[in-house]
Amino acid sequence: MEKTRTRTDLLDPFLVAQLGGIELVARGIVEGFLAGMHKSPFPGYSVEFTEDRPYQSGDDLRYLDWKMLARSDRMFVKQFEEETNMRSMLVVDVSASMDWAGSEDVLSKLDYAKRLVAALGLVLLRQRDATGLIAFDEDVRTVVRAGARSNHWWNLVKAIQELGAGGGTAAEPALLKVTSLLRRRGLVVLVSDLLFDRELVLRALHYLRHRGHQVYVLHIMDPAEFVLDGPPEALFRDPESGTGVIARPRELRSVYHQTVKNAIESWRAECRRGGIYYHHVLTSTPFGHVLRELSARSSRLG
Amino acid sequence: MISFLQPAALFALVAATIPALLHLLGRRIPPTVSFPAVRYLTATEKEHSRHLRLRNMLLLILRTAGIALLVLAASRPAVETGSGESHMPTAWAIVVDNSASSSAVVEGRRVLDELVTVARDVLSRFSDGDRLWLTLADGTPRQVSRLEAKAALDALAPSAIRLDLGAATRAAALSIQNEPLVHGPVVIVSDLQASALSQGTRSNTRIIAWQPNSPPANRWLDSIISEPEQWSPNGAVVVSVLGSEDRQGALRLRVGGTELSRAVASPGERAILRGTLTRRGWTRAVVELDPDELRIDDRREIALFYSDPASVRLASGLGEFLNDAFAVLLDGNRISRGNQITLGELSAEGVSIVFPPADPALTGAINRELRALGVNWQYEQLMEGEWILPEDIGPAAGIEVYRRHALRGSGQVYGTVSEEPWLVRDGNVVVVASRMEPEWTRLPVSAAFLPFLDLVINRIAAEETWLVKASPGDLVDLPKSASVLFGAAEEQPVTVPPIGRLMAPLHPGVYFLGGVSGDTVGALEVFVDPRESRLATADESDLRGSLGDRAEILTTGEIGRELFRDEGRTEIANLLLILAAIALLAEFLVASSGGRARKAG
C-alpha cells in the first residue's frame with residue numbers, strides 16, 4: 001500500500017499532470033510502472049526465443065518451459081533474445097472532440113492521451129522497439145517516423161507537446177498511413193475517443209491486422225461522457241460537428257448510460273472478432289493501470 | 001351525486017395545474033452545453049423518445065392526479081350511499097320550547113323532559129361544520145356550538161315565560177337566511193300550543209315541527225280581581241277559572257298560611273273569595289286551585305291593599321265640573337269628606353291641590369302663598385294655544401289643553417305639556433298649570449276627567465300605592481315614585497331605573513315597590529300568561545297558517561329521515577387520500593426508475 005501511494009503511475013491522472021511537463025510525467029509514470037515489472041513488459045513483440053536455462057527462485061512462472069517440464073520432469077525457464085528492429089506506431093486522435101473535459105478536475109481527453117502516449121513510447125523505446133507517432137484529426141497532422149535510438153523519445157515528446165486540437169475526425173487516412181511507415185510486422189496503438197465512423201475505422205484496423213500488425217485500440221472517454229449529467233434541460237452541442245440535441249439528463253441518464261455501454265461492447269466485440277485488442281479508458285484511470293493492462297494483454301496475445 | 005362538505009377547499013384545485021405549468025415553463029430555450037458524445041445522446045433519444053414521452057406524460061398525469069386527489073380529499077366529498085353520517089355544512093335552527101306549559105306532566109313524565117330527549121336526538125345528527133341557532137323560551141335565537149347547545153339542553157328547566165312560537169320561529173328562520181352556508185330547516189321541538197302560534201310574515205324557510213303527544217286536560221286560574229282594589233278591611237277576590245274539561249275544583253284564598261276563604265268553581269265560572277285583612281298596607285296573598293297536570297297555573301300570588309279612602313275638602317268657586325266629579329268620587333267611596341287633602345286652595349294642613357286663579361290678577365297672590373308655604377313652584381305667564389296632554393299623565397293622555405300657566409321651580413313633575421311642567425308637586429302642594437274648565441282644557445268635559453281626578457287625589461296627593469300586573473319577562477311601567485323592587489325576603493332588591501320601566505321578574509309572585517322615603521308605594525303581580533295554560537296543540541294547517549306552506553309536523557322518526565336527507569352520504573376523503581398516496585408513490589417509482597437503473601448498470 002505504501003508503495004502504491006508513492007508511485008505516480010497509480011495516482012489520479014489529473015494530479016499527476018500537475019507535477020510537470022509531459023516528459024517528466026511520462027518518465028515518472030514509466031519508472032513507477034517498470035519498478036514492479038519484468039524488464040520487457042511487451043515481450044511478445046520485441047524478443048525471440050533462444051534457449052532454456054534452469055529455473056531459479058524468483059523467475060516469472062509465465063516463462064517456465066512446460067513442455068520440457070513434462071518431458072524431463074525438470075524446470076527450465078525460456079530465454080529470449082531481444083530484437084531491436086521491432087517497430088511500433090502510436091496513432092493519436094487530436095480532433096476537436098478530444099480537446100474536452102467534463103469537469104475542471106479531470107484532464108481533457110487529448111491531454112490524457114498525450115501523456116499516455118508519451119509514457120507508452122518511453123516503455124517501448126526502453127525495450128528497444130522502434131517507435132513512431134502519427135497524429136490525426138480529419139487528416140494526418142503529425143508524423144514521427146519510428147526510431148529506436150535512446151534520444152528518439154525526445155523527438156516523440158517534442159511532437160506530442162506540439163499537438164493541438166484540430167477539427168473533425170477521419171482515422172482511416174492515418175491508419176492507412178501506418179502501412180507505409182511499418183513495412184514489417186509491428187505494433188499499432190490507436191489512441192482515440194472513437195467518435196467517428198466506426199465501419200470505416202474498423203475496416204482500416206482489420207487491414208492493419210491483416211498485414212500482420214498487432215493492433216491496440218485505446219478508447220479514451222471522459223467520465224462525463226460515460227455518465228450523463230448537467231442542467232435539468234440543455235442543448236448538448238458537439239464541438240466538433242456543431243450538431244446538437246436538446247435533452248434532459250435526469251430523464252436520459254440511465255438509458256444514455258446503457259447506450260454508451262452498448263457502444264463500448266460493440267467496439268469490443270468487433271475488435272475481438274478481428275484479433276484487435278480493445279481497451280476502454282476513462283480519463284480518470286491512472287496511467288499505470290492502462291500500461292499494466294496493455295502489458296498483460298500483450299503477453300497473452302504474444 | 002357528490003357533494004362537498006368543505007367546498008371552499010376546491011379553490012385549491014388550481015394547484016393541480018402546477019405540474020402542467022412547470023412543464024410548460026420548463027420548455028424555455030435551454031442552455032447550451034458542449035458535449036462531444038452527442039452521437040450517443042442522439043442515439044439514446046432516437047431509441048427512447050417514445051418511451052420518454054410516455055414516461056413524462058405518465059409523470060404529469062400522476063402528479064396532477066396526486067395534487068387533485070389531495071385537494072378533493074381536503075374538500076371532504078361525500079357520495080350518496082344510502083348510509084353514512086355526512087352532510088354539507090348547513091345552517092340549522094332549533095327552537096326548544098321550555099315555556100311555562102312545558103312543565104305539564106303527561107303519563108308521569110314532564111313534557112320538557114320529552115322535548116329535551118327529542119332535541120338531543122336532533123342535535124346528535126349535526127356535525128361540527130354546521131352552524132346552529134338555538135332558541136329557547138325567551139324567543140331569541142343564539143348562535144351556539146354543538147357542545148354549547150348540549151350544555152344548554154342539559155341545564156334546561158321550565159320557564160315561566162310565555163313563548164310566542166310563531167315569532168320565535170320566524171326570528172330563527174331569519175337567522176338561517178343570513179348565514180352563508182346551506183340553509184337547513186328550523187326544527188321546532190315544542191308542545192306546539194295553538195295559542196303560541198302568532199300570525200306574522202310567512203317564511204320561505206322549511207320548518208319541521210315535532211309531533212307532540214296529546215296534551216293533558218288542564219284547568220287554570222284565568223283572572224283574579226280584587227274588589228274593591230282598596231280593602232277596608234273587608235274585601236273580596238273574584239276568581240275566574242277556565243279549563244279544557246268541565247270538572248269542578250276547589251279554590252282557596254290564603255294569607256300567610258291562614259285560609260281566608262274557600263269556594264268551588266268549574267271551568268268557565270267565577271268564584272268570589274271574601275276575607276278580612278288584619279293589617280293596613282300591602283299584604284301578599286295566595287289563590288290556589290286544586291292541582292292538575294300543569295301546576296304552574298293552579299296557584300297565584302296576589303297583592304291586597306288595605307287602607308281608608310283619602311279625606312278631601314273641596315274649596316269653593318272651582319266650577320261645576322269639579323263639584324260634580326267630587327260628588328261621584330264620594331259616592332264611589334274613592335274619597336271621603338275630611339281635611340287630609342284640600343282641593344282647590346292652599347292649606348297649611350294636609351296636602352293641597354291648587355289650580356290657577358280664574359282672574360290672572362290673583363296670580364301674584366297665589367305665588368306669594370306658595371312661597372310662604374316653602375313651595376318651589378311658581379305660576380308664570382299665562383299662555384294660550386293648543387297642546388295635547390302626553391301619556392305621562394295617564395288617563396288624561398290625548399286631551400287638549402288651550403290655556404296654561406308656565407310653571408317655574410323645582411320638585412316632582414308628574415305631567416308635562418310640550419315638555420314643560422304641567423302637573424307638579426313640591427312638599428305638600430300639588431300644582432296644576434290649567435284650571436279644570438272647558439276654556440282651559442277639554443279634560444273636564446271628557447270621560448278621562450274622573451280617572452284623572454282620582455289619579456291626582458289618590459295617587460299624587462294622597463300618595464296611594466299602585467298595583468301593576470305583568471307576566472314574566474314583560475316590560476312594565478312602574479310609578480315614578482317607585483325606586484326599588486322587593487321580592488321575597490331572600491331575593492336582592494332591584495333598583496327601578498329613572499324612566500320607571502323594567503322587565504318583569506321571570507319568577508311569578510308578588511313584588512313590592514319601594515319609594516325614595518322607604519315606604520311601599522305599590523306592588524307588582526307577576527303571573528304566568530294565561531295563554532300558556534291553553535294546552536290544545538296546533539295541527540299542520542294551524543302551523544302553515546302561522547309560518548308558511550313549508551311548515552310540516554313530523555314524528556321523531558320522520559324528522560330523522562327528513563331533516564337529514566343528506567345523511568345517506570359517506571365521506572370518501574380517506575379513499576381519495578389513499579388514491580393520492582398511490583398516485584404519488586407511483587410517481588416516485590416512475591421518476592426514480594432511471595436512477596435505480598443507473599445504479600444497477
# chains A, B, ... in the order shown; residues from 1 in each chain; ligands from 1
$ closest_atom_pairs --of "chain A" --to "chain B" --cutoff "7 Å" --atoms "only C-alpha atoms" --output "CSV"
residue,atom,partner,partner_atom,distance
A:Ser97,CA,B:Pro36,CA,5.3
A:Glu225,CA,B:Ala37,CA,6.2
A:Glu233,CA,B:Pro30,CA,5.9
A:Ala234,CA,B:Pro30,CA,4.8
A:Leu235,CA,B:Thr32,CA,4.5
A:Phe236,CA,B:Val33,CA,4.8
A:Arg237,CA,B:Ser34,CA,5.0
A:Asp238,CA,B:Pro36,CA,4.6
A:Pro239,CA,B:Pro36,CA,6.0
A:Glu240,CA,B:Pro36,CA,6.9
A:Gly244,CA,B:Val38,CA,6.7
A:Val245,CA,B:Thr42,CA,6.6
A:Glu251,CA,B:Gly594,CA,6.6
A:Arg253,CA,B:Gly594,CA,6.7
A:Ser254,CA,B:Arg598,CA,4.7
A:Val255,CA,B:Thr44,CA,6.5
A:Tyr256,CA,B:Thr44,CA,5.5
A:Thr259,CA,B:Thr44,CA,6.2
A:Val260,CA,B:Tyr40,CA,6.3
$ write_last_selection --atoms "N, CA and C atoms" --output "CSV table (one decimal), in the first residue's frame"
chain,number,residue,atom,x,y,z
A,97,SER,N,-13.0,16.9,-30.8
A,97,SER,CA,-13.8,16.2,-29.7
A,97,SER,C,-12.8,15.7,-28.6
A,225,GLU,N,-18.8,11.7,-20.2
A,225,GLU,CA,-19.4,11.1,-21.4
A,225,GLU,C,-20.0,9.7,-21.1
A,233,GLU,N,-32.4,20.7,-18.3
A,233,GLU,CA,-32.6,20.5,-19.7
A,233,GLU,C,-31.6,21.4,-20.4
A,234,ALA,N,-31.0,20.9,-21.4
A,234,ALA,CA,-29.9,21.6,-22.1
A,234,ALA,C,-29.8,21.2,-23.6
A,235,LEU,N,-29.2,22.1,-24.3
A,235,LEU,CA,-28.9,21.8,-25.7
A,235,LEU,C,-27.4,21.3,-25.7
A,236,PHE,N,-27.3,20.0,-26.0
A,236,PHE,CA,-26.0,19.4,-26.0
A,236,PHE,C,-25.4,19.5,-27.4
A,237,ARG,N,-24.3,20.3,-27.5
A,237,ARG,CA,-23.8,20.6,-28.9
A,237,ARG,C,-22.4,19.9,-29.0
A,238,ASP,N,-22.2,19.3,-30.1
A,238,ASP,CA,-20.9,18.6,-30.4
A,238,ASP,C,-19.9,19.7,-30.9
A,239,PRO,N,-18.8,19.9,-30.1
A,239,PRO,CA,-17.9,20.9,-30.5
A,239,PRO,C,-17.2,20.6,-31.9
A,240,GLU,N,-17.3,19.4,-32.3
A,240,GLU,CA,-16.6,19.0,-33.5
A,240,GLU,C,-17.4,19.2,-34.7
A,244,GLY,N,-26.4,19.4,-32.5
A,244,GLY,CA,-26.8,19.4,-31.1
A,244,GLY,C,-28.1,18.7,-30.9
A,245,VAL,N,-28.4,18.4,-29.7
A,245,VAL,CA,-29.7,17.8,-29.3
A,245,VAL,C,-30.1,18.3,-28.0
A,251,GLU,N,-33.7,12.5,-17.0
A,251,GLU,CA,-34.6,11.5,-17.6
A,251,GLU,C,-33.8,10.5,-18.5
A,253,ARG,N,-30.5,9.7,-18.2
A,253,ARG,CA,-29.2,9.2,-17.7
A,253,ARG,C,-29.1,7.7,-17.8
A,254,SER,N,-30.1,7.0,-17.4
A,254,SER,CA,-29.9,5.6,-17.4
A,254,SER,C,-29.9,5.0,-18.8
A,255,VAL,N,-30.7,5.5,-19.6
A,255,VAL,CA,-30.7,4.9,-21.0
A,255,VAL,C,-29.5,5.3,-21.8
A,256,TYR,N,-29.1,6.5,-21.5
A,256,TYR,CA,-27.8,7.0,-22.2
A,256,TYR,C,-26.7,6.1,-21.7
A,259,THR,N,-26.8,3.1,-23.5
A,259,THR,CA,-26.4,3.3,-24.9
A,259,THR,C,-24.8,3.3,-25.0
A,260,VAL,N,-24.2,4.0,-24.2
A,260,VAL,CA,-22.7,4.1,-24.2
A,260,VAL,C,-22.1,2.7,-23.9
$ select_by_dssp --residues "region 96-240 of chain A" --states "alpha helix (DSSP H)" --output "count of residues only"
57
$ closest_residue --among "B:Val122, B:Leu304, B:Met436, B:Ile457" --to "Gly557 (chain B)" --atoms "only C-alpha atoms"
B:Val122
$ residues_around --residues "Leu208 (chain A)" --least-positions-apart "5" --cutoff "12 Å" --atoms "only C-alpha atoms" --output "PDB file with C-alpha atoms, in the first residue's frame"
ATOM      1  CA  MET A  89       3.425   3.174 -34.247  1.00  0.00           C
ATOM      2  CA  GLU A 172      -8.684   5.799 -41.773  1.00  0.00           C
ATOM      3  CA  ALA A 174      -3.914   7.928 -40.570  1.00  0.00           C
ATOM      4  CA  LEU A 175      -4.232   4.176 -40.215  1.00  0.00           C
ATOM      5  CA  LEU A 176      -3.505   3.650 -43.883  1.00  0.00           C
ATOM      6  CA  LYS A 177      -0.504   5.913 -43.496  1.00  0.00           C
ATOM      7  CA  VAL A 178       0.762   3.411 -40.920  1.00  0.00           C
ATOM      8  CA  THR A 179       1.049   0.741 -43.609  1.00  0.00           C
ATOM      9  CA  SER A 180       3.540   2.865 -45.438  1.00  0.00           C
ATOM     10  CA  LEU A 181       5.529   3.533 -42.296  1.00  0.00           C
ATOM     11  CA  LEU A 182       5.515  -0.014 -40.865  1.00  0.00           C
ATOM     12  CA  ARG A 183       6.631  -2.321 -43.636  1.00  0.00           C
ATOM     13  CA  ARG A 184       7.397  -5.190 -41.295  1.00  0.00           C
ATOM     14  CA  ARG A 185       5.205  -6.803 -38.697  1.00  0.00           C
ATOM     15  CA  GLY A 186       4.797  -4.377 -35.854  1.00  0.00           C
ATOM     16  CA  LEU A 187       2.606  -2.857 -33.230  1.00  0.00           C
ATOM     17  CA  VAL A 188      -0.049  -0.216 -33.888  1.00  0.00           C
ATOM     18  CA  VAL A 189      -1.682   1.572 -30.980  1.00  0.00           C
ATOM     19  CA  LEU A 190      -4.697   3.751 -31.806  1.00  0.00           C
ATOM     20  CA  VAL A 201     -12.124   2.726 -38.993  1.00  0.00           C
ATOM     21  CA  LEU A 202     -12.739  -0.943 -38.339  1.00  0.00           C
ATOM     22  CA  ARG A 203     -12.057  -1.679 -41.957  1.00  0.00           C
ATOM     23  CA  HIS A 213       0.459  -5.961 -37.189  1.00  0.00           C
ATOM     24  CA  GLN A 214      -0.676  -6.263 -33.636  1.00  0.00           C
ATOM     25  CA  VAL A 215      -3.325  -3.603 -33.174  1.00  0.00           C
ATOM     26  CA  TYR A 216      -4.310  -1.972 -29.911  1.00  0.00           C
ATOM     27  CA  GLY A 274     -10.667  -9.085 -35.831  1.00  0.00           C
ATOM     28  CA  GLY A 275      -7.969 -10.011 -33.317  1.00  0.00           C
ATOM     29  CA  ILE A 276      -7.658  -6.429 -32.213  1.00  0.00           C
TER      30      ILE A 276
END
$ select_by_dssp --residues "region 56-208 of chain B" --states "strand (DSSP E)" --output "ChimeraX atom specification"
/B:77-80,90-96,105-106,109-110,131-135,141-144,182-189,207-208
$ residues_around --residues "Arg131 (chain B)" --least-positions-apart "6" --cutoff "7 Å" --atoms "only C-alpha atoms" --output "short mmCIF file (atom, residue, chain, number, x, y, z; two decimals) with N, CA and C atoms, in the first residue's frame"
data_model
loop_
_atom_site.label_atom_id
_atom_site.label_comp_id
_atom_site.auth_asym_id
_atom_site.auth_seq_id
_atom_site.Cartn_x
_atom_site.Cartn_y
_atom_site.Cartn_z
N THR B 90 -74.19 23.14 7.10
CA THR B 90 -75.54 23.70 6.97
C THR B 90 -75.84 24.60 8.16
N ALA B 91 -76.60 25.63 7.89
CA ALA B 91 -77.10 26.48 8.99
C ALA B 91 -78.46 25.94 9.40
N TRP B 92 -78.55 25.53 10.64
CA TRP B 92 -79.80 24.98 11.17
C TRP B 92 -80.28 25.87 12.31
#
$ residues_around --residues "region 204-209 of chain B" --least-positions-apart "2" --cutoff "7 Å" --atoms "only C-alpha atoms" --output "PDB file with N, CA and C atoms, in the first residue's frame"
ATOM      1  N   ALA B 173     -85.730  31.543  11.557  1.00  0.00           N
ATOM      2  CA  ALA B 173     -85.619  31.406  10.090  1.00  0.00           C
ATOM      3  C   ALA B 173     -84.797  32.544   9.512  1.00  0.00           C
ATOM      4  N   PRO B 185     -83.467  23.552   7.685  1.00  0.00           N
ATOM      5  CA  PRO B 185     -84.766  23.954   8.203  1.00  0.00           C
ATOM      6  C   PRO B 185     -84.675  24.466   9.642  1.00  0.00           C
ATOM      7  N   VAL B 186     -85.794  25.041  10.078  1.00  0.00           N
ATOM      8  CA  VAL B 186     -85.962  25.337  11.500  1.00  0.00           C
ATOM      9  C   VAL B 186     -86.702  24.141  12.100  1.00  0.00           C
ATOM     10  N   VAL B 187     -86.117  23.588  13.133  1.00  0.00           N
ATOM     11  CA  VAL B 187     -86.751  22.446  13.791  1.00  0.00           C
ATOM     12  C   VAL B 187     -87.415  22.945  15.074  1.00  0.00           C
ATOM     13  N   ILE B 188     -88.682  22.701  15.173  1.00  0.00           N
ATOM     14  CA  ILE B 188     -89.414  23.130  16.376  1.00  0.00           C
ATOM     15  C   ILE B 188     -89.637  21.907  17.251  1.00  0.00           C
ATOM     16  N   VAL B 189     -89.099  21.971  18.440  1.00  0.00           N
ATOM     17  CA  VAL B 189     -89.337  20.909  19.419  1.00  0.00           C
ATOM     18  C   VAL B 189     -90.145  21.553  20.535  1.00  0.00           C
ATOM     19  N   ARG B 202     -94.960  35.214   6.608  1.00  0.00           N
ATOM     20  CA  ARG B 202     -94.788  33.779   6.351  1.00  0.00           C
ATOM     21  C   ARG B 202     -93.404  33.562   5.751  1.00  0.00           C
ATOM     22  N   GLN B 211     -94.006  16.287  16.288  1.00  0.00           N
ATOM     23  CA  GLN B 211     -95.390  15.986  16.648  1.00  0.00           C
ATOM     24  C   GLN B 211     -95.453  15.659  18.136  1.00  0.00           C
ATOM     25  N   GLY B 548     -96.221  29.504   7.235  1.00  0.00           N
ATOM     26  CA  GLY B 548     -95.999  29.361   5.805  1.00  0.00           C
ATOM     27  C   GLY B 548     -96.220  27.929   5.344  1.00  0.00           C
ATOM     28  N   ARG B 550     -94.311  25.881   3.931  1.00  0.00           N
ATOM     29  CA  ARG B 550     -93.216  24.912   4.025  1.00  0.00           C
ATOM     30  C   ARG B 550     -93.098  24.326   5.429  1.00  0.00           C
ATOM     31  N   ALA B 551     -94.111  24.591   6.237  1.00  0.00           N
ATOM     32  CA  ALA B 551     -94.097  24.043   7.598  1.00  0.00           C
ATOM     33  C   ALA B 551     -94.804  22.699   7.603  1.00  0.00           C
ATOM     34  N   GLU B 552     -94.266  21.777   8.377  1.00  0.00           N
ATOM     35  CA  GLU B 552     -94.888  20.463   8.474  1.00  0.00           C
ATOM     36  C   GLU B 552     -94.619  19.887   9.848  1.00  0.00           C
ATOM     37  N   ILE B 553     -95.493  18.968  10.226  1.00  0.00           N
ATOM     38  CA  ILE B 553     -95.348  18.324  11.526  1.00  0.00           C
ATOM     39  C   ILE B 553     -94.950  16.877  11.290  1.00  0.00           C
ATOM     40  N   LEU B 554     -93.861  16.445  11.930  1.00  0.00           N
ATOM     41  CA  LEU B 554     -93.338  15.101  11.718  1.00  0.00           C
ATOM     42  C   LEU B 554     -93.107  14.411  13.052  1.00  0.00           C
TER      43      LEU B 554
END
$ residues_around --residues "Val237 (chain B)" --least-positions-apart "2" --cutoff "9 Å" --atoms "only C-alpha atoms" --output "PyMOL selection string"
chain B and resi 224-228+235+239+253+271-275+287
$ write_last_selection --atoms "C-alpha atoms" --output "PDB file, in the first residue's frame"
ATOM      1  CA  ILE B 224    -108.091  37.380  39.764  1.00  0.00           C
ATOM      2  CA  ILE B 225    -109.522  40.783  40.601  1.00  0.00           C
ATOM      3  CA  SER B 226    -109.571  42.430  43.986  1.00  0.00           C
ATOM      4  CA  GLU B 227    -112.948  44.009  44.795  1.00  0.00           C
ATOM      5  CA  PRO B 228    -112.516  46.710  45.790  1.00  0.00           C
ATOM      6  CA  GLY B 235    -112.920  42.779  50.569  1.00  0.00           C
ATOM      7  CA  VAL B 239    -111.518  34.478  40.552  1.00  0.00           C
ATOM      8  CA  LEU B 253    -107.592  32.256  49.428  1.00  0.00           C
ATOM      9  CA  ALA B 271    -115.971  32.437  42.309  1.00  0.00           C
ATOM     10  CA  ILE B 272    -115.845  35.124  44.957  1.00  0.00           C
ATOM     11  CA  LEU B 273    -113.466  34.600  47.822  1.00  0.00           C
ATOM     12  CA  ARG B 274    -114.216  37.023  50.637  1.00  0.00           C
ATOM     13  CA  GLY B 275    -111.962  37.915  53.504  1.00  0.00           C
ATOM     14  CA  VAL B 287    -105.140  31.920  45.481  1.00  0.00           C
TER      15      VAL B 287
END
$ residues_around --residues "Pro357 (chain B)" --least-positions-apart "5" --cutoff "10 Å" --atoms "only C-alpha atoms" --output "list in words"
Gly317, Leu318, Gly344, Glu345, Leu362, Thr363, Gly364, Ala365, Ile366, Tyr379, Ser434 and Arg435 of chain B
$ atom_distance --atom1 "CA of Val217 (chain A)" --atom2 "CA of Arg268 (chain A)"
9.3 Å
$ atom_distance --atom1 "CA of Gly487 (chain B)" --atom2 "CA of Phe512 (chain B)"
6.6 Å
